[in-house]
file entry05.csv (CSV, N, CA and C atoms)
chain,number,residue,atom,x,y,z
B,1,VAL,N,-6.7,29.0,-19.6
B,1,VAL,CA,-6.4,29.9,-18.6
B,1,VAL,C,-6.6,29.3,-17.2
B,2,PHE,N,-5.6,29.3,-16.4
B,2,PHE,CA,-5.8,28.6,-15.1
B,2,PHE,C,-5.7,29.7,-14.0
B,3,THR,N,-6.5,29.6,-13.0
B,3,THR,CA,-6.5,30.6,-11.9
B,3,THR,C,-5.5,30.2,-10.8
B,4,ASP,N,-5.1,29.0,-10.7
B,4,ASP,CA,-4.1,28.5,-9.8
B,4,ASP,C,-3.0,27.7,-10.5
B,5,SER,N,-1.9,27.6,-9.9
B,5,SER,CA,-0.8,26.7,-10.4
B,5,SER,C,-0.2,26.0,-9.2
B,6,LEU,N,0.4,24.9,-9.5
B,6,LEU,CA,1.0,24.1,-8.4
B,6,LEU,C,2.4,23.7,-8.8
B,7,GLN,N,3.3,23.9,-7.9
B,7,GLN,CA,4.7,23.4,-8.1
B,7,GLN,C,4.9,22.2,-7.2
B,8,LEU,N,5.6,21.2,-7.7
B,8,LEU,CA,5.9,20.0,-6.9
B,8,LEU,C,7.4,19.8,-7.0
B,9,ASP,N,8.1,19.7,-5.9
B,9,ASP,CA,9.5,19.4,-5.8
B,9,ASP,C,9.6,17.9,-5.7
B,10,MET,N,10.0,17.2,-6.8
B,10,MET,CA,10.0,15.8,-6.8
B,10,MET,C,11.0,15.2,-5.8
B,11,GLY,N,12.0,16.1,-5.4
B,11,GLY,CA,12.9,15.7,-4.3
B,11,GLY,C,12.3,15.5,-3.0
B,12,GLU,N,11.1,16.1,-2.8
B,12,GLU,CA,10.4,16.0,-1.6
B,12,GLU,C,9.3,14.8,-1.6
B,13,VAL,N,9.1,14.2,-2.7
B,13,VAL,CA,8.1,13.1,-2.8
B,13,VAL,C,8.7,11.9,-2.1
B,14,ARG,N,8.0,11.3,-1.2
B,14,ARG,CA,8.4,10.1,-0.5
B,14,ARG,C,7.5,8.9,-0.7
B,15,PRO,N,8.1,7.8,-1.1
B,15,PRO,CA,7.2,6.6,-1.4
B,15,PRO,C,6.4,6.2,-0.2
B,16,SER,N,5.1,5.8,-0.4
B,16,SER,CA,4.3,5.4,0.7
B,16,SER,C,3.3,4.4,0.2
B,17,LEU,N,2.6,3.8,1.2
B,17,LEU,CA,1.6,2.8,0.9
B,17,LEU,C,0.3,3.1,1.7
B,18,ALA,N,-0.7,2.5,1.3
B,18,ALA,CA,-2.0,2.7,2.1
B,18,ALA,C,-2.8,1.4,2.0
B,19,GLY,N,-3.7,1.3,3.0
B,19,GLY,CA,-4.6,0.2,3.1
B,19,GLY,C,-4.0,-1.1,3.5
B,20,PRO,N,-4.7,-2.2,3.5
B,20,PRO,CA,-6.1,-2.3,3.1
B,20,PRO,C,-7.0,-2.0,4.3
B,21,LYS,N,-6.6,-2.0,5.5
B,21,LYS,CA,-7.5,-1.7,6.6
B,21,LYS,C,-8.1,-0.3,6.6
B,22,ARG,N,-7.2,0.7,6.4
B,22,ARG,CA,-7.7,2.0,6.4
B,22,ARG,C,-7.0,2.7,5.2
B,23,PRO,N,-7.5,2.6,4.0
B,23,PRO,CA,-6.8,3.1,2.8
B,23,PRO,C,-6.5,4.6,2.9
B,24,GLN,N,-7.2,5.4,3.7
B,24,GLN,CA,-6.9,6.8,3.9
B,24,GLN,C,-5.7,7.1,4.7
B,25,ASP,N,-5.2,6.1,5.4
B,25,ASP,CA,-4.0,6.3,6.3
B,25,ASP,C,-2.7,6.0,5.5
B,26,ARG,N,-2.0,7.0,5.2
B,26,ARG,CA,-0.7,6.9,4.4
B,26,ARG,C,0.4,6.5,5.4
B,27,VAL,N,1.1,5.5,4.9
B,27,VAL,CA,2.3,5.0,5.7
B,27,VAL,C,3.5,5.2,4.8
B,28,LEU,N,4.5,5.9,5.3
B,28,LEU,CA,5.7,6.1,4.5
B,28,LEU,C,6.4,4.7,4.4
B,29,LEU,N,6.9,4.4,3.2
B,29,LEU,CA,7.5,3.1,2.9
B,29,LEU,C,8.6,2.8,3.9
B,30,ASP,N,9.4,3.7,4.3
B,30,ASP,CA,10.5,3.4,5.2
B,30,ASP,C,10.0,3.2,6.7
B,31,ALA,N,8.7,3.4,6.9
B,31,ALA,CA,8.1,3.2,8.2
B,31,ALA,C,7.2,1.9,8.2
B,32,ALA,N,7.1,1.3,7.0
B,32,ALA,CA,6.2,0.1,6.9
B,32,ALA,C,6.7,-1.1,7.8
B,33,LYS,N,8.0,-1.4,7.7
B,33,LYS,CA,8.4,-2.5,8.5
B,33,LYS,C,8.3,-2.3,10.0
B,34,PRO,N,8.8,-1.2,10.6
B,34,PRO,CA,8.6,-1.0,12.0
B,34,PRO,C,7.2,-0.9,12.4
B,35,GLY,N,6.4,-0.3,11.5
B,35,GLY,CA,4.9,-0.2,11.8
B,35,GLY,C,4.3,-1.5,11.9
B,36,PHE,N,4.6,-2.4,11.0
B,36,PHE,CA,4.1,-3.7,11.0
B,36,PHE,C,4.5,-4.5,12.2
B,37,ALA,N,5.8,-4.4,12.6
B,37,ALA,CA,6.2,-5.0,13.8
B,37,ALA,C,5.5,-4.5,15.0
B,38,ALA,N,5.3,-3.2,15.1
B,38,ALA,CA,4.5,-2.6,16.2
B,38,ALA,C,3.1,-3.1,16.3
B,39,SER,N,2.5,-3.2,15.1
B,39,SER,CA,1.1,-3.8,15.1
B,39,SER,C,1.0,-5.2,15.5
B,40,MET,N,2.0,-6.0,15.1
B,40,MET,CA,2.1,-7.4,15.5
B,40,MET,C,2.2,-7.5,17.0
B,41,GLU,N,2.9,-6.5,17.6
B,41,GLU,CA,3.0,-6.6,19.1
B,41,GLU,C,1.8,-6.0,19.8
B,42,THR,N,1.3,-4.8,19.4
B,42,THR,CA,0.3,-4.2,20.2
B,42,THR,C,-1.1,-4.5,19.8
B,43,GLU,N,-1.4,-4.6,18.5
B,43,GLU,CA,-2.7,-4.9,18.0
B,43,GLU,C,-3.1,-6.4,18.0
B,44,PHE,N,-2.1,-7.2,17.5
B,44,PHE,CA,-2.4,-8.6,17.3
B,44,PHE,C,-1.8,-9.5,18.4
B,45,LYS,N,-1.0,-8.9,19.2
B,45,LYS,CA,-0.3,-9.6,20.4
B,45,LYS,C,0.4,-10.9,19.9
B,46,LYS,N,1.1,-10.7,18.7
B,46,LYS,CA,1.8,-11.9,18.1
B,46,LYS,C,3.3,-11.5,17.8
B,47,ALA,N,3.9,-10.7,18.6
B,47,ALA,CA,5.3,-10.3,18.4
B,47,ALA,C,6.2,-11.5,18.3
B,48,ALA,N,5.9,-12.5,19.2
B,48,ALA,CA,6.8,-13.6,19.2
B,48,ALA,C,6.7,-14.5,17.9
B,49,ASP,N,5.6,-14.3,17.2
B,49,ASP,CA,5.5,-15.1,15.9
B,49,ASP,C,6.1,-14.4,14.7
B,50,LEU,N,6.6,-13.2,14.9
B,50,LEU,CA,7.1,-12.4,13.7
B,50,LEU,C,8.1,-13.1,12.9
B,51,ALA,N,9.0,-13.9,13.6
B,51,ALA,CA,10.1,-14.5,12.9
B,51,ALA,C,9.7,-16.0,12.4
B,52,SER,N,8.5,-16.4,12.8
B,52,SER,CA,8.1,-17.8,12.4
B,52,SER,C,7.9,-17.9,11.0
B,53,ARG,N,8.3,-19.1,10.4
B,53,ARG,CA,8.0,-19.4,9.0
B,53,ARG,C,7.2,-20.7,9.0
B,54,TYR,N,6.4,-20.8,8.0
B,54,TYR,CA,5.5,-22.0,7.9
B,54,TYR,C,5.6,-22.6,6.5
B,55,ALA,N,6.0,-23.9,6.5
B,55,ALA,CA,6.1,-24.6,5.2
B,55,ALA,C,4.7,-24.7,4.5
B,56,VAL,N,4.7,-24.5,3.2
B,56,VAL,CA,3.5,-24.7,2.4
B,56,VAL,C,3.6,-26.1,1.7
B,57,GLU,N,2.7,-26.9,2.1
B,57,GLU,CA,2.7,-28.3,1.7
B,57,GLU,C,2.7,-28.4,0.1
B,58,GLY,N,3.6,-29.3,-0.4
B,58,GLY,CA,3.6,-29.5,-1.8
B,58,GLY,C,4.4,-28.4,-2.6
B,59,THR,N,5.1,-27.5,-1.9
B,59,THR,CA,5.9,-26.5,-2.6
B,59,THR,C,7.3,-26.4,-2.0
B,60,ASN,N,8.1,-25.6,-2.6
B,60,ASN,CA,9.5,-25.4,-2.1
B,60,ASN,C,9.7,-24.1,-1.4
B,61,PHE,N,8.6,-23.5,-0.8
B,61,PHE,CA,8.7,-22.2,-0.1
B,61,PHE,C,7.9,-22.3,1.2
B,62,ASP,N,8.2,-21.3,2.0
B,62,ASP,CA,7.4,-21.1,3.2
B,62,ASP,C,6.9,-19.7,3.3
B,63,LEU,N,6.0,-19.5,4.2
B,63,LEU,CA,5.4,-18.2,4.4
B,63,LEU,C,5.5,-17.7,5.9
B,64,GLY,N,5.5,-16.5,6.1
B,64,GLY,CA,5.5,-15.9,7.4
B,64,GLY,C,4.7,-14.6,7.5
B,65,HIS,N,4.5,-14.2,8.7
B,65,HIS,CA,3.8,-12.9,8.9
B,65,HIS,C,4.5,-11.8,8.1
B,66,GLY,N,3.7,-11.0,7.4
B,66,GLY,CA,4.2,-9.9,6.6
B,66,GLY,C,4.5,-10.2,5.2
B,67,ASP,N,4.5,-11.5,4.8
B,67,ASP,CA,4.7,-11.8,3.4
B,67,ASP,C,3.6,-11.3,2.5
B,68,VAL,N,3.9,-10.8,1.4
B,68,VAL,CA,2.8,-10.3,0.4
B,68,VAL,C,2.3,-11.6,-0.2
B,69,VAL,N,1.0,-11.8,-0.1
B,69,VAL,CA,0.4,-13.0,-0.7
B,69,VAL,C,-0.7,-12.6,-1.7
B,70,ILE,N,-1.1,-11.4,-1.8
B,70,ILE,CA,-2.1,-10.9,-2.8
B,70,ILE,C,-1.6,-9.6,-3.3
B,71,ALA,N,-1.5,-9.5,-4.6
B,71,ALA,CA,-1.2,-8.2,-5.3
B,71,ALA,C,-2.3,-7.9,-6.3
B,72,ALA,N,-3.0,-6.9,-6.1
B,72,ALA,CA,-4.1,-6.5,-6.9
B,72,ALA,C,-4.0,-5.2,-7.6
B,73,ILE,N,-4.3,-5.1,-8.8
B,73,ILE,CA,-4.5,-3.8,-9.5
B,73,ILE,C,-6.0,-3.7,-9.9
B,74,THR,N,-6.6,-2.8,-9.2
B,74,THR,CA,-8.1,-2.6,-9.5
B,74,THR,C,-8.3,-1.1,-9.7
B,75,SER,N,-9.4,-0.9,-10.5
B,75,SER,CA,-9.7,0.5,-10.8
B,75,SER,C,-11.2,0.6,-11.1
B,76,CYS,N,-11.8,1.7,-10.8
B,76,CYS,CA,-13.2,1.9,-11.2
B,76,CYS,C,-13.2,2.9,-12.3
B,77,THR,N,-12.1,2.8,-13.1
B,77,THR,CA,-12.0,3.8,-14.2
B,77,THR,C,-13.2,3.6,-15.2
B,78,ASN,N,-13.4,4.7,-15.9
B,78,ASN,CA,-14.4,4.7,-16.9
B,78,ASN,C,-13.7,5.0,-18.3
B,79,THR,N,-14.5,5.0,-19.3
B,79,THR,CA,-13.9,5.2,-20.6
B,79,THR,C,-13.2,6.5,-20.8
B,80,SER,N,-13.5,7.5,-20.0
B,80,SER,CA,-12.9,8.8,-20.1
B,80,SER,C,-11.6,9.0,-19.3
B,81,ASN,N,-11.3,8.0,-18.4
B,81,ASN,CA,-10.1,8.2,-17.6
B,81,ASN,C,-9.4,6.9,-17.4
B,82,PRO,N,-8.8,6.3,-18.4
B,82,PRO,CA,-8.1,5.0,-18.3
B,82,PRO,C,-6.6,5.2,-17.9
B,83,SER,N,-6.2,6.4,-17.6
B,83,SER,CA,-4.7,6.7,-17.4
B,83,SER,C,-4.1,5.9,-16.3
B,84,VAL,N,-4.8,5.6,-15.2
B,84,VAL,CA,-4.2,4.9,-14.1
B,84,VAL,C,-3.9,3.5,-14.5
B,85,MET,N,-4.8,2.8,-15.3
B,85,MET,CA,-4.5,1.5,-15.7
B,85,MET,C,-3.4,1.4,-16.8
B,86,ILE,N,-3.4,2.4,-17.7
B,86,ILE,CA,-2.3,2.5,-18.7
B,86,ILE,C,-1.0,2.7,-17.9
B,87,GLY,N,-1.0,3.5,-16.9
B,87,GLY,CA,0.2,3.7,-16.1
B,87,GLY,C,0.7,2.4,-15.5
B,88,ALA,N,-0.3,1.6,-14.9
B,88,ALA,CA,0.0,0.3,-14.3
B,88,ALA,C,0.6,-0.6,-15.4
B,89,GLY,N,0.1,-0.6,-16.6
B,89,GLY,CA,0.6,-1.4,-17.7
B,89,GLY,C,2.0,-1.0,-18.1
B,90,LEU,N,2.3,0.3,-18.1
B,90,LEU,CA,3.7,0.7,-18.4
B,90,LEU,C,4.6,0.3,-17.4
B,91,LEU,N,4.2,0.4,-16.1
B,91,LEU,CA,5.1,-0.1,-15.0
B,91,LEU,C,5.3,-1.6,-15.1
B,92,ALA,N,4.3,-2.3,-15.4
B,92,ALA,CA,4.4,-3.8,-15.6
B,92,ALA,C,5.3,-4.1,-16.7
B,93,ARG,N,5.2,-3.4,-17.8
B,93,ARG,CA,6.1,-3.6,-19.0
B,93,ARG,C,7.5,-3.4,-18.6
B,94,ASN,N,7.8,-2.4,-17.9
B,94,ASN,CA,9.2,-2.1,-17.5
B,94,ASN,C,9.7,-3.1,-16.5
B,95,ALA,N,8.9,-3.5,-15.6
B,95,ALA,CA,9.3,-4.6,-14.6
B,95,ALA,C,9.6,-5.9,-15.3
B,96,VAL,N,8.7,-6.3,-16.2
B,96,VAL,CA,9.0,-7.5,-16.9
B,96,VAL,C,10.2,-7.5,-17.8
B,97,ALA,N,10.5,-6.3,-18.4
B,97,ALA,CA,11.7,-6.1,-19.2
B,97,ALA,C,13.0,-6.2,-18.3
B,98,LYS,N,12.9,-5.9,-17.0
B,98,LYS,CA,14.0,-6.0,-16.1
B,98,LYS,C,14.1,-7.4,-15.4
B,99,GLY,N,13.1,-8.3,-15.8
B,99,GLY,CA,13.2,-9.6,-15.3
B,99,GLY,C,12.4,-9.8,-14.0
B,100,LEU,N,11.7,-8.9,-13.5
B,100,LEU,CA,10.9,-9.0,-12.3
B,100,LEU,C,9.7,-9.9,-12.5
B,101,ARG,N,9.5,-10.8,-11.5
B,101,ARG,CA,8.3,-11.7,-11.6
B,101,ARG,C,7.7,-11.8,-10.2
B,102,SER,N,6.4,-12.1,-10.2
B,102,SER,CA,5.7,-12.4,-8.9
B,102,SER,C,6.2,-13.6,-8.3
B,103,LYS,N,6.3,-13.7,-7.0
B,103,LYS,CA,6.7,-14.9,-6.3
B,103,LYS,C,5.6,-15.9,-6.5
B,104,PRO,N,5.9,-17.2,-6.5
B,104,PRO,CA,4.8,-18.2,-6.7
B,104,PRO,C,3.7,-18.2,-5.7
B,105,TRP,N,3.9,-17.7,-4.5
B,105,TRP,CA,2.9,-17.7,-3.5
B,105,TRP,C,2.0,-16.4,-3.6
B,106,VAL,N,2.3,-15.5,-4.5
B,106,VAL,CA,1.5,-14.3,-4.6
B,106,VAL,C,0.4,-14.5,-5.6
B,107,LYS,N,-0.9,-14.3,-5.1
B,107,LYS,CA,-2.0,-14.4,-6.0
B,107,LYS,C,-2.2,-13.0,-6.6
B,108,THR,N,-2.1,-12.9,-7.9
B,108,THR,CA,-2.3,-11.6,-8.6
B,108,THR,C,-3.7,-11.5,-9.2
B,109,SER,N,-4.1,-10.3,-9.2
B,109,SER,CA,-5.5,-10.0,-9.7
B,109,SER,C,-5.5,-8.7,-10.5
B,110,LEU,N,-6.2,-8.6,-11.6
B,110,LEU,CA,-6.3,-7.4,-12.4
B,110,LEU,C,-7.8,-7.2,-12.7
B,111,ALA,N,-8.3,-6.0,-12.3
B,111,ALA,CA,-9.7,-5.6,-12.6
B,111,ALA,C,-9.7,-4.2,-13.2
B,112,PRO,N,-9.7,-4.1,-14.5
B,112,PRO,CA,-9.6,-2.7,-15.1
B,112,PRO,C,-10.8,-1.8,-14.9
B,113,GLY,N,-11.9,-2.3,-14.5
B,113,GLY,CA,-13.1,-1.4,-14.2
B,113,GLY,C,-14.0,-1.2,-15.4
B,114,SER,N,-13.5,-1.3,-16.6
B,114,SER,CA,-14.5,-1.2,-17.7
B,114,SER,C,-13.9,-2.1,-18.9
B,115,GLN,N,-14.8,-2.5,-19.7
B,115,GLN,CA,-14.4,-3.4,-20.8
B,115,GLN,C,-13.6,-2.6,-21.8
B,116,VAL,N,-13.9,-1.3,-22.0
B,116,VAL,CA,-13.1,-0.5,-22.9
B,116,VAL,C,-11.7,-0.3,-22.5
B,117,VAL,N,-11.5,-0.1,-21.2
B,117,VAL,CA,-10.1,0.0,-20.7
B,117,VAL,C,-9.4,-1.3,-20.9
B,118,GLY,N,-10.0,-2.4,-20.7
B,118,GLY,CA,-9.4,-3.7,-21.1
B,118,GLY,C,-9.0,-3.8,-22.5
B,119,GLU,N,-9.8,-3.2,-23.4
B,119,GLU,CA,-9.5,-3.2,-24.8
B,119,GLU,C,-8.3,-2.3,-25.1
B,120,TYR,N,-8.2,-1.2,-24.4
B,120,TYR,CA,-7.1,-0.3,-24.5
B,120,TYR,C,-5.8,-1.0,-24.1
B,121,LEU,N,-5.8,-1.8,-23.0
B,121,LEU,CA,-4.7,-2.5,-22.6
B,121,LEU,C,-4.2,-3.5,-23.6
B,122,GLU,N,-5.2,-4.2,-24.1
B,122,GLU,CA,-4.9,-5.3,-25.1
B,122,GLU,C,-4.3,-4.7,-26.4
B,123,LYS,N,-4.9,-3.6,-26.9
B,123,LYS,CA,-4.5,-3.0,-28.2
B,123,LYS,C,-3.2,-2.3,-28.0
B,124,SER,N,-2.8,-1.8,-26.8
B,124,SER,CA,-1.6,-1.1,-26.6
B,124,SER,C,-0.4,-2.1,-26.3
B,125,GLY,N,-0.7,-3.4,-26.2
B,125,GLY,CA,0.3,-4.4,-25.9
B,125,GLY,C,0.6,-4.4,-24.4
B,126,LEU,N,-0.2,-3.8,-23.6
B,126,LEU,CA,0.1,-3.7,-22.1
B,126,LEU,C,-0.5,-4.8,-21.3
B,127,GLN,N,-1.5,-5.5,-22.0
B,127,GLN,CA,-2.2,-6.6,-21.2
B,127,GLN,C,-1.2,-7.8,-20.9
B,128,GLU,N,-0.3,-8.1,-21.9
B,128,GLU,CA,0.6,-9.2,-21.7
B,128,GLU,C,1.6,-9.0,-20.5
B,129,PRO,N,2.2,-7.8,-20.5
B,129,PRO,CA,3.1,-7.6,-19.3
B,129,PRO,C,2.3,-7.5,-18.0
B,130,LEU,N,1.0,-7.1,-18.0
B,130,LEU,CA,0.2,-7.1,-16.8
B,130,LEU,C,-0.1,-8.5,-16.4
B,131,ASP,N,-0.3,-9.4,-17.4
B,131,ASP,CA,-0.5,-10.8,-17.0
B,131,ASP,C,0.7,-11.5,-16.5
B,132,ALA,N,1.9,-11.0,-17.0
B,132,ALA,CA,3.1,-11.6,-16.5
B,132,ALA,C,3.4,-11.1,-15.1
call {"tool": "encode", "arguments": {"input": "entry05.csv", "output": "structure tokens"}}
result
Amino acid sequence: VFTDSLQLDMGEVRPSLAGPKRPQDRVLLDAAKPGFAASMETEFKKAADLASRYAVEGTNFDLGHGDVVIAAITSCTNTSNPSVMIGAGLLARNAVAKGLRSKPWVKTSLAPGSQVVGEYLEKSGLQEPLDA
């Protein structure tokens, strides 16, 4: 028996991101690029550098301001709530099946938060797509 119920119109859900500077500040995904450009101008005083690219020695790619170079999945899950990490594994499985791969300059990191959750990922076959 529930005293309250919640209805969510999925048509009103808008993709967003948060962090790393202030994880509590939600940024709508369609506002990320102009927000980044504004920060480069006002906060960092580097608006002129926004289009600059820099060769990475010994590789066939370059990097610039705004490129994603770290992608981390971390969780402080415990054995009673591994659903977030299982969800990440399902997302990874679907991404790998569609041929998506991390760029060679992106450092990836996975920290499941508990050994048991790591075992769940391994036994469910989700560790391999997360590694990919």
call {"tool": "atom_distance", "arguments": {"input": "entry05.csv", "atom1": "CA of Leu110 in chain B", "atom2": "atom N of Ala55 in chain B"}}
result
27.9 Å
call {"tool": "select_by_dssp", "arguments": {"input": "entry05.csv", "residues": "chain B", "states": "helix (DSSP H, G or I)", "output": "number ranges by chain"}}
result
B: 10-12, 29-42, 47-49, 83-97, 115-123, 127-131
call {"tool": "atom_distance", "arguments": {"input": "entry05.csv", "atom1": "CA of Gly125 in chain B", "atom2": "atom C of Ile86 in chain B"}}
result
10.8 Å
call {"tool": "atom_distance", "arguments": {"input": "entry05.csv", "atom1": "atom C of Val69 in chain B", "atom2": "atom C of Lys107 in chain B"}}
result
5.1 Å
call {"tool": "residues_around", "arguments": {"input": "entry05.csv", "residues": "Ala132 in chain B", "least_positions_apart": "4", "cutoff": "9 Å", "atoms": "only C-alpha atoms", "output": "list in words"}}
result
Ala92, Arg93, Val96, Arg101, Ser102, Gln127 and Glu128 of chain B
call {"tool": "closest_residue", "arguments": {"input": "entry05.csv", "among": "B:Gly66, B:Gly11, B:Pro34, B:Pro112", "to": "Ala88 in chain B", "atoms": "only C-alpha atoms"}}
result
B:Pro112
call {"tool": "residues_near_point", "arguments": {"input": "entry05.csv", "point": "(6.0, -14.9, -2.6)", "cutoff": "12 Å", "atoms": "only C-alpha atoms", "output": "compact mmCIF listing (two decimals) with N, CA and C atoms, in the coordinates of the input"}}
result
# COMPACT_ATOMS: atom_id res chain seq x y z
N VAL B 56 4.70 -24.50 3.20
CA VAL B 56 3.50 -24.70 2.40
C VAL B 56 3.60 -26.10 1.70
N THR B 59 5.10 -27.50 -1.90
CA THR B 59 5.90 -26.50 -2.60
C THR B 59 7.30 -26.40 -2.00
N ASN B 60 8.10 -25.60 -2.60
CA ASN B 60 9.50 -25.40 -2.10
C ASN B 60 9.70 -24.10 -1.40
N PHE B 61 8.60 -23.50 -0.80
CA PHE B 61 8.70 -22.20 -0.10
C PHE B 61 7.90 -22.30 1.20
N ASP B 62 8.20 -21.30 2.00
CA ASP B 62 7.40 -21.10 3.20
C ASP B 62 6.90 -19.70 3.30
N LEU B 63 6.00 -19.50 4.20
CA LEU B 63 5.40 -18.20 4.40
C LEU B 63 5.50 -17.70 5.90
N GLY B 64 5.50 -16.50 6.10
CA GLY B 64 5.50 -15.90 7.40
C GLY B 64 4.70 -14.60 7.50
N HIS B 65 4.50 -14.20 8.70
CA HIS B 65 3.80 -12.90 8.90
C HIS B 65 4.50 -11.80 8.10
N GLY B 66 3.70 -11.00 7.40
CA GLY B 66 4.20 -9.90 6.60
C GLY B 66 4.50 -10.20 5.20
N ASP B 67 4.50 -11.50 4.80
CA ASP B 67 4.70 -11.80 3.40
C ASP B 67 3.60 -11.30 2.50
N VAL B 68 3.90 -10.80 1.40
CA VAL B 68 2.80 -10.30 0.40
C VAL B 68 2.30 -11.60 -0.20
N VAL B 69 1.00 -11.80 -0.10
CA VAL B 69 0.40 -13.00 -0.70
C VAL B 69 -0.70 -12.60 -1.70
N ILE B 70 -1.10 -11.40 -1.80
CA ILE B 70 -2.10 -10.90 -2.80
C ILE B 70 -1.60 -9.60 -3.30
N ALA B 71 -1.50 -9.50 -4.60
CA ALA B 71 -1.20 -8.20 -5.30
C ALA B 71 -2.30 -7.90 -6.30
N ARG B 101 9.50 -10.80 -11.50
CA ARG B 101 8.30 -11.70 -11.60
C ARG B 101 7.70 -11.80 -10.20
N SER B 102 6.40 -12.10 -10.20
CA SER B 102 5.70 -12.40 -8.90
C SER B 102 6.20 -13.60 -8.30
N LYS B 103 6.30 -13.70 -7.00
CA LYS B 103 6.70 -14.90 -6.30
C LYS B 103 5.60 -15.90 -6.50
N PRO B 104 5.90 -17.20 -6.50
CA PRO B 104 4.80 -18.20 -6.70
C PRO B 104 3.70 -18.20 -5.70
N TRP B 105 3.90 -17.70 -4.50
CA TRP B 105 2.90 -17.70 -3.50
C TRP B 105 2.00 -16.40 -3.60
N VAL B 106 2.30 -15.50 -4.50
CA VAL B 106 1.50 -14.30 -4.60
C VAL B 106 0.40 -14.50 -5.60
N LYS B 107 -0.90 -14.30 -5.10
CA LYS B 107 -2.00 -14.40 -6.00
C LYS B 107 -2.20 -13.00 -6.60
N THR B 108 -2.10 -12.90 -7.90
CA THR B 108 -2.30 -11.60 -8.60
C THR B 108 -3.70 -11.50 -9.20
